[in-house]
Amino acid sequence: MTEATSRPVAELEIDGDDLLVRGTRLANDRRGRLFFRSVLGATPTDEGWRCPRRRTAMSALVMRTYDWLESRGYQVIGERKVDEAVQRELERRRSFARTRDAAIALRSGESAYPFVAVDDTLASFGWSRQLLEHQRVAVAHALTAINAANFSVPGSGKTAAALAVAAIHLRQETVDMVVVVGPLACFEPWERETAACVGNRITVKRVRGSISRRQYIYDSIGSHQLLLLSYATAAADQEILREIFNGHRVMMIVDESHRIKKFRGGLWASALSELAGSARVRMVLSGTPMPQSGRDLFSQLNVLWPDRQLTGTPDAFASRIKSSFPSVISEVLPFTSRTPKSVLGLPPYVIKRHNVPLTGTQQEVYDLILNKFKQQLSDADTWKDKIETLKNARPLRLMQAAANPDLLNRSDSYFHVQRMDAEENPTLMERLAYFSSSNVPAKSLKALDIIREIASEGGKVVCWSNFIVNLDQFTELVRINTGLPTYQIDGRVPAGFDALHSQEPTREELPGESDTREGFITKFLATPGPAVLITNPASCSESISLHTTCHNAIYLDRTYDCALYLQSIDRIHRLGLSPGTKVTIHILLATIADDLTIDGLVDVALERKKAKMGELLEGAELAPIELAEDPLVDADGDESDLSALLRYLIGENN
């Protein structure tokens, strides 16, 4: 008897929405009863089991059953439909293994990629921009791994590299169109890079507007087109896009892919994973692929390989991340490329710290807030209680007082901070009531001096503040006192027209080009000579490039959120800086009688975090940044930040 015939036989048959499993030994297989009944929800039959498809695809049910039977030593046979499903899946697995092995060989140096062929193919397509060496390596990797993640640091030219990959696929007719899904802020960079690299050889279309407007765009698509969609649009138009993907050879690119990191129940993540299954080629791009934890990779990897070859089930992936994170990264690395910031050859930026004394009413307000914190802490007994009291008191209050006391007169919806209660401290409220009418914040005055100095040398400057009211007041101050072209961007300025309006917009309803974030940035960068951009990190810390003509930044205030701080610096310190360009970062630190305020503590904390986070954000290693799920936690400070603030408040700072 041969080895094949000595094995127990199991027969599979598809019956409607059920999979029938028959076998002479199945009835006596105790593990089989557990698997079929408990795992698959099957019911016993005279010859074996009837397994319902439930919410999974029949092909997935067939393969899950096939894999289990094979692992138990069964020889599996099946009818034609079963055999076809198994053979398709086995071929997908073999294809995945071949691709993985080729990518491993490339990364390890065992094989060399024919860069000359890449250059020749790009040239024949009409590519007109010289790729830097690290971009050529990223392109070679993407062409080898087929479905690839480019996790290079912010400002390294990921868009141009991905566009080069798309151009090669279009030239080789692997694909005939490209679909980019990302935040609205990425639309303009994709348009700009496409025009610079390939001119009109690829036509870019934004998919925006009402349902009828979007349908019109879909109906008019053709070859060599690049569609730009927001995550929300892609999710809303999932069925239409699936038809397009099935009717065309599509390369799908998800930009700022960490935005779809939601581990369970994310609408964007599930929609993009479903669409990815119908795409010929897939890429994800992110400079911060793991903002919180390794679990952030799950949805991004499932866009690359929608059959979950890299992840398995959510529970299995979460377990592996917790128990063996290095092994997960080892399996993922063949499909990822990452360029560290050190490779970019950028000159280091210069940080200039300016101590700004608080005097008069602003000093009085800060002292009153400080004393209020100390009083609240005196009612707490243990160190743990004091830390909890400090959290509830919101350290942001001190940052507001140091930046602009008038902020305490207003509620802040972003940070969920309410205006100061008039009954809580009458003396404080009296000071606040008259502050904005007769005082200018000390740091705002200092920033004006720095702006004038930069403008005298013909330079542009971006000014950062975390508080909307401060942006409004500082913008007015700059315009009145300098006369310089001044532009303000915050969350109230649209990145572009909302793609999900239910009605077709009229011409009057569409924001003018100058009324959008893109319009303001374009005007700021194109203004001859000095100009000022005033914004907040929450609005402009991603997908924005200012480095072409702006090389100075002023920080009116900073929170404990180091990731936003470093990402904001990347807006002016990124690939494309001209040789010899000096990038200067001006940090304003409030002081009282030469003593530090909360600004000094934030500065020390950010430098400490920068040492660690800078390696994660800018280094070659793939690792979680470990940001809080709630950005407000990062703004108010972690346990270490709060402990340092507590020591400062009780007079133990050394």
# chains A, B, ... in the order shown; residues from 1 in each chain; ligands from 1

call {"tool": "residues_around", "arguments": {"residues": "A:Ser286", "least_positions_apart": "3", "cutoff": "6 Å", "atoms": "only C-alpha atoms", "output": "list in words"}}
result
Phe151, Glu256, Ser257 and Pro289 of chain A

call {"tool": "select_by_dssp", "arguments": {"residues": "stretch 319-512 of chain A", "states": "helix (DSSP H, G or I)", "output": "JSON, numbers by chain"}}
result
{"A": [319, 320, 321, 322, 323, 325, 326, 327, 328, 329, 330, 331, 332, 333, 334, 335, 341, 342, 343, 344, 360, 361, 362, 363, 364, 365, 366, 367, 368, 369, 370, 371, 372, 373, 374, 375, 376, 377, 378, 383, 384, 385, 386, 387, 388, 389, 390, 391, 392, 393, 396, 397, 398, 399, 400, 401, 402, 403, 405, 406, 407, 408, 409, 426, 427, 428, 429, 430, 431, 432, 433, 435, 436, 437, 438, 442, 443, 444, 445, 446, 447, 448, 449, 450, 451, 452, 453, 454, 455, 456, 468, 469, 470, 471, 472, 473, 474, 475, 476, 477, 478, 479, 480, 481, 482]}

call {"tool": "closest_residue", "arguments": {"among": "A:Leu642, A:Pro189, A:Met177, A:Glu364", "to": "A:Ala393", "atoms": "only C-alpha atoms"}}
result
A:Leu642

call {"tool": "residues_around", "arguments": {"residues": "stretch 426-431 of chain A", "least_positions_apart": "3", "cutoff": "12 Å", "atoms": "only C-alpha atoms", "output": "NGL selection string"}}
result
:A and (360-372 or 401 or 405-406 or 408-410 or 419-423 or 434-439)

call {"tool": "write_last_selection", "arguments": {"atoms": "C-alpha atoms", "output": "CSV table (one decimal), in the first residue's frame"}}
result
chain,number,residue,atom,x,y,z
A,360,GLY,CA,2.9,92.9,34.8
A,361,THR,CA,-0.6,91.4,34.4
A,362,GLN,CA,0.7,88.3,32.5
A,363,GLN,CA,3.1,87.5,35.4
A,364,GLU,CA,0.3,88.0,37.9
A,365,VAL,CA,-2.1,85.7,35.9
A,366,TYR,CA,0.6,83.0,35.7
A,367,ASP,CA,1.4,83.2,39.4
A,368,LEU,CA,-2.3,82.9,40.3
A,369,ILE,CA,-2.7,79.8,38.1
A,370,LEU,CA,0.5,78.4,39.6
A,371,ASN,CA,-0.8,79.0,43.2
A,372,LYS,CA,-4.1,77.5,42.3
A,401,ALA,CA,-1.0,81.4,30.9
A,405,PRO,CA,-3.6,84.7,29.4
A,406,ASP,CA,-6.6,85.6,27.2
A,408,LEU,CA,-8.1,81.3,29.8
A,409,ASN,CA,-11.2,83.4,29.0
A,410,ARG,CA,-12.2,81.0,26.3
A,419,ARG,CA,-12.9,78.7,30.3
A,420,MET,CA,-11.9,79.7,33.8
A,421,ASP,CA,-14.8,79.8,36.3
A,422,ALA,CA,-15.6,83.4,37.4
A,423,GLU,CA,-16.6,82.2,40.9
A,434,TYR,CA,-8.9,93.3,31.0
A,435,PHE,CA,-5.9,91.5,29.6
A,436,SER,CA,-6.6,91.4,25.9
A,437,SER,CA,-7.8,95.0,25.7
A,438,SER,CA,-4.6,96.5,27.2
A,439,ASN,CA,-1.9,93.9,27.0

call {"tool": "atom_distance", "arguments": {"atom1": "atom CA of A:Leu632", "atom2": "atom CA of A:Cys562"}}
result
12.3 Å

call {"tool": "residues_around", "arguments": {"residues": "A:Leu226", "least_positions_apart": "6", "cutoff": "6 Å", "atoms": "only C-alpha atoms", "output": "list in words"}}
result
Val178, Val179, Thr203 and Val204 of chain A

call {"tool": "residues_around", "arguments": {"residues": "A:Gly73", "least_positions_apart": "2", "cutoff": "9 Å", "atoms": "only C-alpha atoms", "output": "number ranges by chain"}}
result
A: 7-9, 68-71, 75

call {"tool": "atom_distance", "arguments": {"atom1": "atom CA of A:Glu173", "atom2": "atom CA of A:Arg249"}}
result
8.6 Å
